[in-house]
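Chemist: This structure is in structure tokens; I'll ask about it shortly.
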Amino acid sequence: MIVVAGEALVDMVPVGDDELAPLAPKLGGGPYNVAVALGRLDVPTGFLSRVSTDHFGEQLIKRLHASEVATDLVQRGPENTTLAVVGLADDGSARYSFYVDGTADRLVEDPGPLPAEAKAVSFGTLSLVLEPGASVYETVLRRESKRLLTALDPNIRAGLIHDPGAYRARFRSWLPDVGLLKLSVEDARWLAEEDDVIEIARTWISQGPAAVVLTKGGDGLSVITATGQVDVPPVKVDVVDTIGAGDTVQGALLAWLHDHDALSAEKIRGLSTDEWTAALTYAGAAAAITCSRAGAEPPFASELTAALGG
């Protein structure tokens, strides 16, 4: 199985074009979306988090079960669910305001060693920023990297990072324990404070990851490895919004690796150009489906197979 570790929250998404349009709740959170994407793509998946016992928390758990995601590692608590208020630009891109004080997901406790059947574990987003949970997830990352493929999507929310320098240093300290790093070009530039994302990725590879996958919005996807670079073009789609698109890439990429017996840093380093092209095409097609509908709604396996002409 693949374990996804991190927050579950509710996105409050505007309904309509008015500046103060009504807000509709959509279940989300970067790691939560990754877990849903994996489960819907028929990959055995478990979710590690702390989820509220409030109404939103109950719906979050219900959706995990509907997406075939195991919740054995989910902790429950009476604290409120984190809220993210979403603002949408004309092109469908999203910006966020967060309500996180004392919420359930940041109070997660160390579960101890992950189950023996786990082959990979994915981390990212707010869960690696907000304490005390960030230190808990960091402990799990470092411990599990000794036996599992560890995947990281930092998914930067700069407004919640009060000391950017300290966070950038902490990010660099994770790299020796990361097998697969996936992030947007905007996040790469923010983290490195440089514009040349390809050179940035090559530097990071020298520090640990077997591959760095870059999402480039309308310019498609790229992967940089120690042996070269592979690019795939974007999938043309009518964009409703981009909420959950990057999370879907992470989930679909891990699903492809699972389906092709490549869930290890060693096997990732051995992937050919054709294999990377197939993996990125699969992930890009999945993200395009998510972008075609409101909120983070990753595709089911049957939808993705149809989109790829299977």
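Going by the structure tokens order, chains are called A, B, ..., each with residues numbered from 1, while ligands are numbered from 1 in the order shown.
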Please list as a ChimeraX atom specification every residue within 7 Å of range 61-75 of chain A, counting only C-alpha atoms and excluding residues in the same chain fewer than 5 positions away.
Modeler: /A:35-36,39-40,45-51
Chemist: Write out, as CSV, each residue of range 239-276 of chain A that has an atom at most 12 Å from range 110-124 of chain A, together with the closest pair of atoms and their distance in Å to one decimal, counting only C-alpha atoms, rows going by chain and rising number.
Modeler:
residue,atom,partner,partner_atom,distance
A:Gly246,CA,A:Gly124,CA,11.3
A:Asp247,CA,A:Gly124,CA,9.5
A:Gln250,CA,A:Ser122,CA,8.7
A:Gly251,CA,A:Ser122,CA,9.0
A:Leu253,CA,A:Ser122,CA,11.4
A:Leu254,CA,A:Ala120,CA,8.7
A:Ala255,CA,A:Ala120,CA,10.7
A:Leu257,CA,A:Ala120,CA,10.2
A:His258,CA,A:Lys119,CA,8.9
A:Asp261,CA,A:Lys119,CA,10.4
A:Ala262,CA,A:Lys119,CA,10.1
A:Leu263,CA,A:Ala120,CA,6.6
A:Ser264,CA,A:Ala120,CA,7.8
A:Ala265,CA,A:Ala120,CA,10.2
Chemist: Do you have, as CSV, the list of residues of range 33-82 of chain A lying at most 12 Å from range 279-290 of chain A, each with its nearest atom pair and that distance in Å to one decimal, counting only C-alpha atoms and ordered by chain then number?
Modeler:
residue,atom,partner,partner_atom,distance
A:Asn33,CA,A:Thr290,CA,10.6
A:Val34,CA,A:Ala287,CA,11.2
A:Val36,CA,A:Thr290,CA,11.8
A:Ala37,CA,A:Ala286,CA,8.8
A:Leu38,CA,A:Ala286,CA,10.9
A:Arg40,CA,A:Ala286,CA,10.9
A:Leu41,CA,A:Ala286,CA,9.7
Chemist: If you run DSSP on this backbone, which residues of range 50-206 of chain A come out as strand (DSSP E), and could you give them as a ChimeraX atom specification?
Modeler: /A:50-52,69-70,74-77,83-88,94-99,120-124,149-153,180-184
Chemist: Determine the nearest neighbour of Val237 in chain A from the options A:Val85, A:Ala210, A:Leu183, A:Ala307, counting only C-alpha atoms.
Modeler: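 Answer, going by the shortest atom-to-atom distance: A:Ala307.
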Chemist: Identify which of the residues A:Leu88, A:Ala5, A:Ile224, A:Val10 lies closest to Asp241 in chain A, counting only C-alpha atoms when measuring atom-to-atom distances.
Modeler: A:Leu88
Chemist: How many Å separate CA of Leu83 in chain A from CA of Phe98 in chain A?
Modeler: 5.8 Å
Chemist: Near Val230 in chain A, counting only C-alpha atoms, which residues have an atom at most 12 Å away, once you skip same-chain residues fewer than 5 positions from it, shown as a list in words?
Modeler: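 Neighbouring residues, sequence-local ones excluded: Ile198, Ala211, Val212, Val213, Leu214, Gly220, Leu221, Ser222, Val223, Ile224, Thr225, Leu271, Ser272, Thr273, Asp274, Glu275, Trp276, Thr277, Ala278, Ala279, Leu280 and Thr281 of chain A.
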Chemist: Set the distance at 9 Å and use only C-alpha atoms: which residues neighbour Glu7 in chain A once local chain neighbours fewer than 5 positions away are removed? I'd like the list as a PyMOL selection string.
Modeler: chain A and resi 28-32+48-51+82+104-106+124-127
Chemist: So that I can check the surroundings of Ala201 in chain A, please list as number ranges by chain every protein, DNA and RNA residue that reaches within 12 Å of it, counting only C-alpha atoms and ignoring chain neighbours fewer than 2 positions away.
Modeler: A: 175, 180-185, 187-189, 191-192, 194-199, 203-214, 222-226, 228-229
Chemist: I need the residue nearest Leu27 in chain A from this list: A:Thr81, A:Thr103, A:Thr242, A:Thr53. Use only C-alpha atoms for the distance.
Modeler: A:Thr81
Chemist: What's the separation between CA of Asp54 in chain A and CA of Ser97 in chain A, in Å to one decimal place?
Modeler: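 Computing the Euclidean distance for CA of Asp54 in chain A and CA of Ser97 in chain A yields 20.8 Å.
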Chemist: If you count only C-alpha atoms, which residues fall within 9 Å of Leu141 in chain A, apart from same-chain ones fewer than 3 positions away, as a count of residues only?
Modeler: 12
